[in-house]
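Novice: So I've got this file, query-v1.cif, and it contains mmCIF, C-alpha atoms and all ligand atoms:
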data_structure
loop_
_atom_site.label_atom_id
_atom_site.label_comp_id
_atom_site.auth_asym_id
_atom_site.auth_seq_id
_atom_site.Cartn_x
_atom_site.Cartn_y
_atom_site.Cartn_z
CA MET A 266 -32.77 33.89 4.57
CA GLY A 267 -33.94 36.97 2.76
CA SER A 268 -33.86 35.36 -0.65
CA ARG A 269 -35.47 32.26 0.71
CA ARG A 270 -38.31 34.21 2.22
CA THR A 271 -38.67 36.22 -0.94
CA LEU A 272 -38.87 33.08 -3.00
CA LEU A 273 -41.36 31.50 -0.67
CA THR A 274 -43.45 34.63 -0.71
CA ALA A 275 -43.35 34.68 -4.45
CA VAL A 276 -44.42 31.08 -4.69
CA VAL A 277 -47.20 31.61 -2.23
CA ALA A 278 -48.34 34.74 -4.03
CA VAL A 279 -48.42 33.04 -7.39
CA VAL A 280 -49.79 29.69 -6.40
CA LEU A 281 -51.97 30.51 -3.47
CA GLY A 282 -52.88 34.09 -4.13
CA PRO A 283 -56.49 33.47 -5.01
CA VAL A 284 -57.17 31.20 -2.08
CA ILE A 285 -54.92 32.37 0.70
CA ALA A 286 -56.69 35.69 0.84
CA GLY A 287 -59.49 33.99 2.68
CA GLY A 288 -57.20 32.74 5.41
CA CYS A 289 -58.12 29.50 7.05
CA VAL A 290 -60.45 27.20 5.29
CA GLN A 291 -63.42 25.83 7.08
CA MET A 292 -63.63 22.09 7.16
CA ALA A 293 -66.48 21.25 4.90
CA PRO A 294 -67.32 18.60 2.36
CA ALA A 295 -66.54 20.98 -0.48
CA VAL A 296 -63.15 21.98 0.82
CA ASP A 297 -61.10 21.35 -2.29
CA TYR A 298 -60.03 24.40 -4.23
CA ARG A 299 -58.94 22.65 -7.35
CA PRO A 300 -59.98 19.35 -8.83
CA ASP A 301 -58.32 16.54 -6.93
CA THR A 302 -58.30 13.40 -8.95
CA GLY A 303 -56.71 11.24 -6.33
CA ASP A 304 -53.57 9.23 -6.16
CA ALA A 305 -53.75 7.52 -9.46
CA GLY A 306 -51.80 10.09 -11.30
CA THR A 307 -54.12 12.34 -13.20
CA HIS A 308 -52.58 15.53 -11.87
CA ALA A 309 -50.08 15.56 -14.66
CA PRO A 310 -50.00 18.63 -16.86
CA GLU A 311 -50.65 16.40 -19.78
CA PRO A 312 -51.66 12.79 -20.21
CA ALA A 313 -48.84 10.34 -19.88
CA PRO A 314 -48.09 8.21 -22.90
CA ALA A 315 -50.29 5.16 -22.81
CA GLY A 316 -48.61 1.95 -21.90
CA GLU A 317 -45.45 3.55 -20.69
CA ARG A 318 -44.12 1.95 -17.60
CA GLY A 319 -44.92 3.93 -14.50
CA THR A 320 -47.63 6.02 -16.03
CA LEU A 321 -51.35 6.03 -15.77
CA ALA A 322 -53.75 7.40 -18.26
CA ARG A 323 -56.89 9.06 -16.99
CA GLY A 324 -59.24 6.46 -15.68
CA ASP A 325 -56.89 3.60 -16.34
CA ALA A 326 -56.82 1.33 -13.34
CA SER A 327 -54.18 -0.99 -14.71
CA TRP A 328 -51.29 1.10 -13.61
CA ILE A 329 -47.87 -0.41 -14.02
CA PRO A 330 -45.54 0.55 -11.23
CA PRO A 331 -42.45 2.41 -12.30
CA ALA A 332 -39.33 0.41 -12.76
CA PRO A 333 -36.92 0.76 -9.90
CA GLN A 334 -34.81 3.84 -10.32
CA PRO A 335 -31.44 3.04 -8.85
CA ARG A 336 -30.36 6.65 -8.62
CA ALA A 337 -33.50 7.60 -6.78
CA GLN A 338 -33.81 4.71 -4.40
CA PRO A 339 -32.43 4.91 -0.92
CA PRO A 340 -30.68 1.81 0.26
CA GLU A 341 -33.43 -0.51 1.37
CA ALA A 342 -32.41 -1.29 4.85
CA SER A 343 -33.32 -4.78 5.79
CA PRO A 344 -35.78 -4.72 8.64
CA ALA A 345 -33.60 -3.05 11.13
CA PRO A 346 -33.96 -2.77 14.83
CA ARG A 347 -35.75 0.31 15.90
CA ALA A 348 -32.74 1.59 17.74
CA PRO A 349 -31.45 4.86 16.41
CA ALA A 350 -28.61 4.56 13.99
CA THR A 351 -25.45 6.52 14.04
CA PRO A 352 -26.13 10.15 13.32
CA GLU A 353 -25.25 10.97 9.76
CA ALA A 354 -25.03 14.71 10.03
CA GLY A 355 -23.27 16.99 12.37
CA GLY A 356 -24.75 19.85 14.26
CA THR A 357 -27.24 20.04 17.03
CA SER A 358 -29.99 22.29 15.73
CA PRO A 359 -33.10 20.77 17.28
CA GLN A 360 -35.65 22.08 14.80
CA PRO A 361 -35.53 22.30 11.05
CA GLY A 362 -36.95 25.02 8.97
CA GLY A 363 -36.43 27.70 11.54
CA SER A 364 -33.81 30.28 10.95
CA SER A 365 -31.01 27.86 10.16
CA PRO A 366 -31.46 26.30 6.76
CA ASP A 367 -27.78 25.63 6.31
CA ALA A 368 -26.85 22.02 5.83
CA ASP A 369 -24.09 22.21 8.39
CA GLN A 370 -26.72 22.86 11.01
CA ALA A 371 -28.92 19.94 10.01
CA PRO A 372 -30.56 18.16 12.91
CA LEU A 373 -29.53 14.71 14.03
CA LEU A 374 -31.82 12.34 12.24
CA ARG A 375 -32.85 8.84 13.18
CA GLU A 376 -32.71 6.05 10.59
CA PHE A 377 -35.77 4.00 9.75
CA SER A 378 -36.46 0.89 7.74
CA PRO A 379 -39.27 1.14 5.17
CA ALA A 380 -41.61 -0.75 7.50
CA GLN A 381 -40.72 1.56 10.35
CA PHE A 382 -41.60 4.57 8.23
CA VAL A 383 -45.04 3.07 7.65
CA GLU A 384 -45.66 2.26 11.28
CA LEU A 385 -44.50 5.65 12.47
CA PHE A 386 -47.57 7.32 11.03
CA TYR A 387 -49.78 5.10 13.18
CA GLU A 388 -47.67 5.50 16.29
CA VAL A 389 -47.51 9.25 16.54
CA ASP A 390 -50.27 11.20 18.23
CA LEU A 391 -51.17 13.88 15.72
CA PRO A 392 -53.47 16.79 16.60
CA ASN A 393 -56.81 17.75 15.02
CA LEU A 394 -57.93 14.21 14.24
CA ALA A 395 -61.10 12.31 15.01
CA PRO A 396 -61.03 8.54 14.80
CA VAL A 397 -63.19 6.81 12.24
CA THR A 398 -64.41 3.83 14.21
CA SER A 399 -66.71 2.12 11.75
CA PRO A 400 -65.96 1.71 8.07
CA PRO A 401 -68.03 4.07 5.93
CA PRO A 402 -70.18 2.70 3.12
CA ILE A 403 -68.63 2.15 -0.30
CA THR A 404 -71.42 1.15 -2.65
CA GLY A 405 -73.99 1.17 0.13
CA ASP A 406 -74.70 -2.53 -0.34
CA GLU A 407 -73.67 -4.38 2.78
CA ALA A 408 -72.53 -7.62 1.18
CA ALA A 409 -70.70 -5.95 -1.67
CA ASP A 410 -69.01 -3.49 0.66
CA ALA A 411 -67.92 -6.29 2.98
CA ARG A 412 -66.28 -8.06 0.06
CA ILE A 413 -64.46 -4.94 -1.14
CA ARG A 414 -63.41 -4.07 2.39
CA SER A 415 -62.02 -7.53 3.07
CA ILE A 416 -59.88 -7.35 -0.05
CA ALA A 417 -58.67 -3.88 0.88
CA GLU A 418 -57.85 -4.88 4.44
CA GLY A 419 -56.11 -7.99 3.14
CA ARG A 420 -53.84 -5.69 1.15
CA GLY A 421 -53.02 -3.79 4.33
CA TYR A 422 -55.32 -0.79 4.07
CA ARG A 423 -56.27 0.50 7.50
CA LEU A 424 -58.99 2.78 8.76
CA GLN A 425 -57.71 6.35 9.05
CA ALA A 426 -58.68 9.20 11.31
CA GLU A 427 -60.37 12.22 9.81
CA ALA A 428 -59.25 15.83 10.03
CA THR A 429 -61.07 18.13 12.39
CA GLY A 430 -60.78 21.88 12.70
CA ASP A 431 -59.52 24.32 10.15
CA LEU A 432 -57.32 23.36 7.27
CA VAL A 433 -55.06 25.76 5.44
CA PRO A 434 -54.02 25.81 1.80
CA VAL A 435 -50.70 24.55 0.61
CA ASP A 436 -50.24 24.93 -3.13
CA GLY A 437 -53.99 25.41 -3.26
CA ARG A 438 -54.79 22.18 -1.42
CA PRO A 439 -56.31 22.02 2.05
CA ALA A 440 -53.97 20.49 4.63
CA GLN A 441 -53.43 20.38 8.37
CA PRO A 442 -51.84 23.66 9.50
CA GLN A 443 -48.69 22.08 10.92
CA ALA A 444 -48.15 19.93 7.86
CA ALA A 445 -48.72 22.90 5.57
CA ALA A 446 -46.27 25.07 7.47
CA ALA A 447 -43.66 22.32 7.49
CA TRP A 448 -44.19 21.69 3.81
CA ARG A 449 -43.60 25.33 2.94
CA GLU A 450 -40.30 25.17 4.79
CA LEU A 451 -39.38 21.97 2.96
CA ALA A 452 -40.32 23.40 -0.43
CA ALA A 453 -38.25 26.51 0.29
CA ALA A 454 -35.27 24.37 1.23
CA ALA A 455 -35.74 22.33 -1.95
CA ALA A 456 -35.90 25.53 -3.98
CA ASP A 457 -32.66 26.69 -2.40
CA ASP A 458 -31.12 23.51 -3.76
CA GLY A 459 -32.67 24.02 -7.17
CA HIS A 460 -35.68 21.70 -6.92
CA THR A 461 -39.34 22.42 -7.43
CA ILE A 462 -41.73 20.29 -5.40
CA LEU A 463 -45.45 21.07 -5.47
CA VAL A 464 -48.38 19.60 -3.57
CA THR A 465 -51.05 18.19 -5.82
CA SER A 466 -53.34 16.59 -3.23
CA ALA A 467 -53.69 16.85 0.53
CA TYR A 468 -56.87 16.53 2.58
CA ARG A 469 -59.54 14.45 0.92
CA SER A 470 -62.98 13.81 2.44
CA ILE A 471 -64.46 10.36 2.83
CA SER A 472 -67.17 11.14 0.30
CA HIS A 473 -64.60 12.40 -2.18
CA GLN A 474 -62.60 9.21 -1.75
CA ARG A 475 -65.78 7.20 -2.27
CA ASP A 476 -66.37 8.98 -5.57
CA LEU A 477 -62.79 8.39 -6.67
CA PHE A 478 -62.91 4.71 -5.79
CA LEU A 479 -66.29 4.09 -7.40
CA ASN A 480 -65.26 5.91 -10.57
CA ARG A 481 -62.18 3.74 -10.91
CA LEU A 482 -64.10 0.60 -10.08
CA GLU A 483 -66.61 1.52 -12.76
CA ASN A 484 -63.75 1.83 -15.24
CA ALA A 485 -62.36 -1.53 -14.17
CA LEU A 486 -65.73 -3.27 -14.34
CA GLY A 487 -66.93 -1.55 -17.46
CA ALA A 488 -70.19 -0.89 -15.65
CA ASP A 489 -71.60 1.02 -12.74
CA PRO A 490 -70.61 -0.96 -9.62
CA HIS A 491 -74.18 -0.58 -8.39
CA GLU A 492 -75.23 -2.78 -11.29
CA ARG A 493 -72.71 -5.45 -10.28
CA LEU A 494 -73.39 -5.72 -6.58
CA ASP A 495 -74.17 -9.43 -6.65
CA GLU A 496 -71.00 -10.22 -8.56
CA ILE A 497 -68.96 -8.09 -6.21
CA ALA A 498 -70.45 -9.81 -3.18
CA ALA A 499 -69.94 -13.23 -4.72
CA GLY A 500 -66.24 -12.58 -5.30
CA GLU A 501 -66.57 -12.81 -9.07
CA VAL A 502 -64.79 -9.51 -9.74
CA ASP A 503 -62.07 -9.63 -7.11
CA ASP A 504 -59.38 -9.08 -9.74
CA GLU A 505 -61.01 -5.88 -10.90
CA ILE A 506 -61.36 -4.68 -7.33
CA ASN A 507 -57.72 -5.49 -6.66
CA SER A 508 -56.62 -3.62 -9.76
CA VAL A 509 -58.25 -0.48 -8.40
CA LEU A 510 -56.86 -1.01 -4.91
CA ARG A 511 -53.33 -1.02 -6.31
CA THR A 512 -53.58 2.76 -6.54
CA SER A 513 -56.80 3.84 -4.84
CA SER A 514 -58.08 3.48 -1.32
CA ILE A 515 -61.64 2.76 -0.34
CA PRO A 516 -63.39 5.54 1.63
CA GLY A 517 -62.31 5.74 5.25
CA TYR A 518 -58.95 4.11 4.55
CA SER A 519 -57.03 6.92 2.83
CA LYS A 520 -54.32 8.77 4.71
CA HIS A 521 -55.53 11.85 2.88
CA HIS A 522 -58.53 11.91 5.24
CA THR A 523 -56.17 13.03 7.99
CA GLY A 524 -54.94 16.10 6.17
CA TYR A 525 -51.39 14.99 6.97
CA ALA A 526 -50.72 13.13 3.70
CA LEU A 527 -49.43 15.10 0.73
CA ASP A 528 -49.09 13.99 -2.87
CA VAL A 529 -46.35 15.89 -4.62
CA TRP A 530 -44.79 16.32 -8.04
CA ASP A 531 -42.00 18.31 -9.58
CA GLY A 532 -44.21 20.38 -11.87
CA ASN A 533 -42.90 18.51 -14.87
CA LEU A 534 -43.21 14.74 -14.89
CA PRO A 535 -46.56 13.16 -14.00
CA MET A 536 -46.98 12.60 -10.31
CA VAL A 537 -46.67 8.83 -10.62
CA ARG A 538 -43.17 9.36 -11.99
CA PHE A 539 -42.01 11.51 -9.11
CA GLY A 540 -39.66 8.68 -8.16
CA GLU A 541 -37.67 9.37 -11.31
CA THR A 542 -37.06 13.02 -10.58
CA ALA A 543 -34.11 14.88 -9.13
CA ALA A 544 -36.55 16.33 -6.63
CA TYR A 545 -37.33 12.84 -5.34
CA GLU A 546 -33.65 12.08 -5.16
CA TRP A 547 -33.26 15.20 -3.05
CA MET A 548 -36.13 14.10 -0.78
CA SER A 549 -35.10 10.46 -0.45
CA ALA A 550 -31.32 10.55 -0.21
CA ASP A 551 -29.76 9.38 3.04
CA ASN A 552 -32.88 7.65 4.36
CA PHE A 553 -35.13 10.58 3.38
CA ALA A 554 -33.03 13.06 5.31
CA ASN A 555 -34.46 16.16 3.63
CA ALA A 556 -38.02 14.96 4.26
CA LYS A 557 -37.27 14.07 7.87
CA ARG A 558 -35.68 17.45 8.55
CA PHE A 559 -39.16 18.93 8.22
CA GLY A 560 -41.15 16.14 9.85
CA PHE A 561 -42.13 14.17 6.74
CA VAL A 562 -41.66 10.49 5.96
CA PRO A 563 -42.54 8.39 2.92
CA SER A 564 -46.13 7.20 3.17
CA TYR A 565 -45.93 4.01 1.11
CA PRO A 566 -42.24 3.27 0.63
CA HIS A 567 -40.73 0.52 -1.42
CA GLY A 568 -39.84 -2.59 0.50
CA VAL A 569 -43.03 -3.03 2.53
CA GLU A 570 -45.52 -5.79 1.85
CA GLN A 571 -49.23 -5.37 2.41
CA GLN A 572 -49.30 -1.67 3.13
CA GLY A 573 -52.40 -1.05 1.03
CA PRO A 574 -51.55 0.38 -2.38
CA MET A 575 -48.44 -0.27 -4.38
CA PRO A 576 -45.45 1.81 -3.26
CA GLU A 577 -46.06 5.52 -3.91
CA GLU A 578 -42.96 7.66 -4.21
CA TRP A 579 -45.11 10.78 -4.45
CA GLU A 580 -46.94 10.55 -1.13
CA PHE A 581 -45.46 11.83 2.12
CA VAL A 582 -47.00 12.08 5.56
CA TRP A 583 -46.17 14.56 8.26
CA VAL A 584 -45.40 13.00 11.63
CA GLY A 585 -43.66 15.97 13.23
CA THR A 586 -39.98 16.31 13.83
CA ASP A 587 -39.92 14.89 17.36
CA PRO A 588 -39.95 11.18 16.43
CA LEU A 589 -37.47 11.74 13.61
CA HIS A 590 -34.73 13.57 15.45
CA HIS A 591 -32.38 12.52 18.15
ZN ZN B 601 -51.81 10.26 -2.04
#
Output the file's structure as structure tokens, nothing else.
Ligand SMILES: [Zn+2]

Specialist:
Amino acid sequence: MGSRRTLLTAVVAVVLGPVIAGGCVQMAPAVDYRPDTGDAGTHAPEPAPAGERGTLARGDASWIPPAPQPRAQPPEASPAPRAPATPEAGGTSPQPGGSSPDADQAPLLREFSPAQFVELFYEVDLPNLAPVTSPPPITGDEAADARIRSIAEGRGYRLQAEATGDLVPVDGRPAQPQAAAAWRELAAAAADDGHTILVTSAYRSISHQRDLFLNRLENALGADPHERLDEIAAGEVDDEINSVLRTSSIPGYSKHHTGYALDVWDGNLPMVRFGETAAYEWMSADNFANAKRFGFVPSYPHGVEQQGPMPEEWEFVWVGTDPLHH
């Protein structure tokens, strides 16, 4: 415990030192501490080689999903009944991340199919959220926005709630306090097992998401979307819109608005290749046991159709430990 706390403290001191001094962060449009370039993989320490499978160069909307990584993929359970499966770990510790990090005291974890992981996020009642009841503008043009929105919703994107109240930094990113606390416990447990896992994006405002989406749409169109409104509305650039939606949400539809979604990487490979890392293997083994111990589940797992973007191994959402444990 002592070494774990020391390590965590060291990580916090190094990574969060400049921002944690201020304590809680007020919710505000300019809440990001470091540039957040969104889900499409530009958090990498260096540009990924162009054209390589599973990578995305800056501004490149034609991302190719990574090839399946057998060692890193959990068994894709066929759509299973929601009934809890047989416990896979012994012990009865009801809460993870407390004072009992030892594996032999792991909590009893429920099993979920990929689709059940996705639905869980919408079923749990998470605190500090305000519903977004009407879709926010995208380009500001009603007809063009309706077209983009219908394509997005057809892919499975759903309106998300927005964070309310104070957010706190985790690896320099603003996140919901409970998710941030749980993530620090998870990262400490990963470190104990020799893995580095860092948050690269957490809360993202609707206006920030709008900027991200429009920038990528501009790249895909080769022109400012505001100069192509008629074509967008007429359905003449649906392919370009779809290419962006493979990796980027429209404003109002990103789970990052909630402050409960975290994009992570191992500090080495680009974020979009997190699925290839030993850290992901640690997270995802045994039906994501090490994520579930701390209340996290995969946000866009493999094996689910029409969930919005392509599968994203690097995004996890916090749902709390209650629905994940027996
Ligand atoms: Zn994300």

Novice: I want to know what sits within 7 Å of Pro379 in chain A, based on only C-alpha atoms, with residues of the same chain fewer than 3 positions away left out; could you give that as a list in words?

Specialist: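 Surrounding residues, per the criterion: Phe382, Val383, Pro566, His567, Gly568 and Val569 of chain A.
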
Novice: For each of A:Trp579, A:Phe478, A:Tyr387, A:Trp547, take the minimum atom-to-atom distance to ligand ZN 601 (chain B), counting only C-alpha atoms and all ligand atoms, then give the residue where this is smallest.

Specialist: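 Of A:Trp579, A:Phe478, A:Tyr387, A:Trp547, the one nearest ligand ZN 601 (chain B) is A:Trp579, counting only C-alpha atoms and all ligand atoms.
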
Novice: What does the structure give for the distance between CA of Asp410 in chain A and CA of Arg469 in chain A, in Å to one decimal?

Specialist: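 Result for CA of Asp410 in chain A versus CA of Arg469 in chain A: 20.3 Å, one decimal.
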
Novice: Determine the nearest neighbour of ligand ZN 601 (chain B) from the options A:Asp495, A:Glu376, A:Asp503, A:Asp301, counting all atoms listed in the file.

Specialist: A:Asp301

Novice: Find the distance between CA of Tyr518 in chain A and CA of Leu424 in chain A and write it in Å to one decimal.

Specialist: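 These atoms are spaced 4.4 Å apart.
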
Novice: Show me, as a list in words, the residues that have an atom within 8 Å of Ser514 in chain A when counting all atoms listed in the file, minus same-chain residues fewer than 2 positions from it.

Specialist: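 Listing them by chain and then by number gives Ala417, Tyr422, Gln474, Phe478, Leu510, Thr512, Pro516, Tyr518, Ser519, Gly573 and Pro574 of chain A.
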
Novice: Just the residues within 10 Å of Ala395 in chain A, please, counting only C-alpha atoms, with nothing from its chain fewer than 3 positions along; format it as a VMD selection string.

Specialist: chain A and resid 392 398 425 to 430 523

Novice: Would you save the residues from that selection as a CSV table (one decimal), in the frame of the given file, using C-alpha atoms?

Specialist:
chain,number,residue,atom,x,y,z
A,392,PRO,CA,-53.5,16.8,16.6
A,398,THR,CA,-64.4,3.8,14.2
A,425,GLN,CA,-57.7,6.4,9.0
A,426,ALA,CA,-58.7,9.2,11.3
A,427,GLU,CA,-60.4,12.2,9.8
A,428,ALA,CA,-59.2,15.8,10.0
A,429,THR,CA,-61.1,18.1,12.4
A,430,GLY,CA,-60.8,21.9,12.7
A,523,THR,CA,-56.2,13.0,8.0

Novice: For the interface of chain A with ligand ZN 601 (chain B) (cut-off 8 Å, counting all atoms listed in the file), please tabulate each contacting residue of chain A alongside its nearest pair of atoms and their separation in Å to one decimal, rows sorted by chain and increasing number, as CSV.

Specialist:
residue,atom,partner,partner_atom,distance
A:Gly303,CA,B:ZN601,ZN,6.6
A:Asp304,CA,B:ZN601,ZN,4.6
A:Ser466,CA,B:ZN601,ZN,6.6
A:Ala467,CA,B:ZN601,ZN,7.3
A:Ser519,CA,B:ZN601,ZN,7.9
A:Lys520,CA,B:ZN601,ZN,7.4
A:His521,CA,B:ZN601,ZN,6.4
A:Ala526,CA,B:ZN601,ZN,6.5
A:Leu527,CA,B:ZN601,ZN,6.1
A:Asp528,CA,B:ZN601,ZN,4.7
A:Glu577,CA,B:ZN601,ZN,7.7
A:Trp579,CA,B:ZN601,ZN,7.1
A:Glu580,CA,B:ZN601,ZN,5.0
A:Phe581,CA,B:ZN601,ZN,7.8

Novice: Hey, which of A:Ala550, A:Phe539, A:Arg481, A:Leu391 ends up closest to Pro576 in chain A? Count only C-alpha atoms.

Specialist: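 Smallest distance to Pro576 in chain A is found for A:Phe539.
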
Novice: Can you pull out the residues contacting Val584 in chain A? Cut-off 12 Å, using all atoms listed in the file, and skip same-chain residues under 6 positions away; I want them as a PDB file with C-alpha atoms, in the coordinates of the input.

Specialist:
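The file below, selection-v1.pdb, is the result:
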ATOM      1  CA  PHE A 382     -41.600   4.570   8.230  1.00  0.00           C
ATOM      2  CA  VAL A 383     -45.040   3.070   7.650  1.00  0.00           C
ATOM      3  CA  GLU A 384     -45.660   2.260  11.280  1.00  0.00           C
ATOM      4  CA  LEU A 385     -44.500   5.650  12.470  1.00  0.00           C
ATOM      5  CA  PHE A 386     -47.570   7.320  11.030  1.00  0.00           C
ATOM      6  CA  TYR A 387     -49.780   5.100  13.180  1.00  0.00           C
ATOM      7  CA  GLU A 388     -47.670   5.500  16.290  1.00  0.00           C
ATOM      8  CA  VAL A 389     -47.510   9.250  16.540  1.00  0.00           C
ATOM      9  CA  ASP A 390     -50.270  11.200  18.230  1.00  0.00           C
ATOM     10  CA  LEU A 391     -51.170  13.880  15.720  1.00  0.00           C
ATOM     11  CA  PRO A 392     -53.470  16.790  16.600  1.00  0.00           C
ATOM     12  CA  GLN A 441     -53.430  20.380   8.370  1.00  0.00           C
ATOM     13  CA  GLN A 443     -48.690  22.080  10.920  1.00  0.00           C
ATOM     14  CA  ALA A 444     -48.150  19.930   7.860  1.00  0.00           C
ATOM     15  CA  ALA A 447     -43.660  22.320   7.490  1.00  0.00           C
ATOM     16  CA  TRP A 448     -44.190  21.690   3.810  1.00  0.00           C
ATOM     17  CA  THR A 523     -56.170  13.030   7.990  1.00  0.00           C
ATOM     18  CA  GLY A 524     -54.940  16.100   6.170  1.00  0.00           C
ATOM     19  CA  TYR A 525     -51.390  14.990   6.970  1.00  0.00           C
ATOM     20  CA  ALA A 526     -50.720  13.130   3.700  1.00  0.00           C
ATOM     21  CA  LEU A 527     -49.430  15.100   0.730  1.00  0.00           C
ATOM     22  CA  ALA A 556     -38.020  14.960   4.260  1.00  0.00           C
ATOM     23  CA  LYS A 557     -37.270  14.070   7.870  1.00  0.00           C
ATOM     24  CA  ARG A 558     -35.680  17.450   8.550  1.00  0.00           C
ATOM     25  CA  PHE A 559     -39.160  18.930   8.220  1.00  0.00           C
ATOM     26  CA  GLY A 560     -41.150  16.140   9.850  1.00  0.00           C
ATOM     27  CA  PHE A 561     -42.130  14.170   6.740  1.00  0.00           C
ATOM     28  CA  VAL A 562     -41.660  10.490   5.960  1.00  0.00           C
ATOM     29  CA  PRO A 563     -42.540   8.390   2.920  1.00  0.00           C
ATOM     30  CA  SER A 564     -46.130   7.200   3.170  1.00  0.00           C
ATOM     31  CA  HIS A 590     -34.730  13.570  15.450  1.00  0.00           C
TER      32      HIS A 590
END

Novice: For each of A:Leu432, A:Leu374, A:Leu479, A:Ile462, take the minimum atom-to-atom distance to Pro402 in chain A, counting only C-alpha atoms, then give the residue where this is smallest.

Specialist: A:Leu479

Novice: Find the spatial neighbours of range 404-409 of chain A, counting only C-alpha atoms, within a cut-off of 9 Å - ignore same-chain residues fewer than 3 positions away - and output them as a PyMOL selection string.

Specialist: chain A and resi 401+412-414+475+479+490-491+493-500

Novice: For a test of reading the model, state the distance in Å between CA of Arg538 in chain A and CA of Arg423 in chain A, rounded to one decimal.

Specialist: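 CA of Arg423 in chain A lies 25.1 Å from CA of Arg538 in chain A.
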
Novice: Counting only C-alpha atoms, which of A:Ser513, A:Asn555, A:Thr586, A:Ser399 gets nearest to Ala454 in chain A?

Specialist: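 Under the stated criterion, the closest residue is A:Asn555.
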
Novice: Could you tell me which of A:Glu578, A:Asp587, A:Glu570, A:Glu450 comes closest to Ser549 in chain A if we count all atoms listed in the file?

Specialist: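 Nearest to Ser549 in chain A: A:Glu578.
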
Novice: Output as a CSV table (one decimal), keeping the file's coordinate frame: range 444-459 of chain A, completed with N, CA and C atoms.

Specialist:
chain,number,residue,atom,x,y,z
A,444,ALA,N,-48.7,20.6,9.0
A,444,ALA,CA,-48.2,19.9,7.9
A,444,ALA,C,-47.9,21.0,6.8
A,445,ALA,N,-48.9,21.9,6.6
A,445,ALA,CA,-48.7,22.9,5.6
A,445,ALA,C,-47.5,23.8,5.9
A,446,ALA,N,-47.4,24.2,7.1
A,446,ALA,CA,-46.3,25.1,7.5
A,446,ALA,C,-44.9,24.4,7.2
A,447,ALA,N,-44.9,23.1,7.7
A,447,ALA,CA,-43.7,22.3,7.5
A,447,ALA,C,-43.4,22.1,6.0
A,448,TRP,N,-44.4,21.9,5.2
A,448,TRP,CA,-44.2,21.7,3.8
A,448,TRP,C,-43.6,22.9,3.1
A,449,ARG,N,-44.1,24.1,3.5
A,449,ARG,CA,-43.6,25.3,2.9
A,449,ARG,C,-42.1,25.5,3.2
A,450,GLU,N,-41.7,25.1,4.4
A,450,GLU,CA,-40.3,25.2,4.8
A,450,GLU,C,-39.5,24.2,3.9
A,451,LEU,N,-40.1,23.0,3.8
A,451,LEU,CA,-39.4,22.0,3.0
A,451,LEU,C,-39.3,22.4,1.5
A,452,ALA,N,-40.3,23.0,1.0
A,452,ALA,CA,-40.3,23.4,-0.4
A,452,ALA,C,-39.3,24.5,-0.6
A,453,ALA,N,-39.2,25.4,0.4
A,453,ALA,CA,-38.2,26.5,0.3
A,453,ALA,C,-36.8,26.0,0.3
A,454,ALA,N,-36.6,25.0,1.2
A,454,ALA,CA,-35.3,24.4,1.2
A,454,ALA,C,-34.9,23.7,-0.1
A,455,ALA,N,-35.9,23.0,-0.7
A,455,ALA,CA,-35.7,22.3,-2.0
A,455,ALA,C,-35.4,23.4,-3.0
A,456,ALA,N,-36.1,24.5,-3.0
A,456,ALA,CA,-35.9,25.5,-4.0
A,456,ALA,C,-34.5,26.1,-3.9
A,457,ASP,N,-34.0,26.2,-2.6
A,457,ASP,CA,-32.7,26.7,-2.4
A,457,ASP,C,-31.7,25.8,-3.1
A,458,ASP,N,-32.0,24.5,-3.1
A,458,ASP,CA,-31.1,23.5,-3.8
A,458,ASP,C,-31.5,23.3,-5.2
A,459,GLY,N,-32.4,24.1,-5.8
A,459,GLY,CA,-32.7,24.0,-7.2
A,459,GLY,C,-33.8,23.1,-7.6
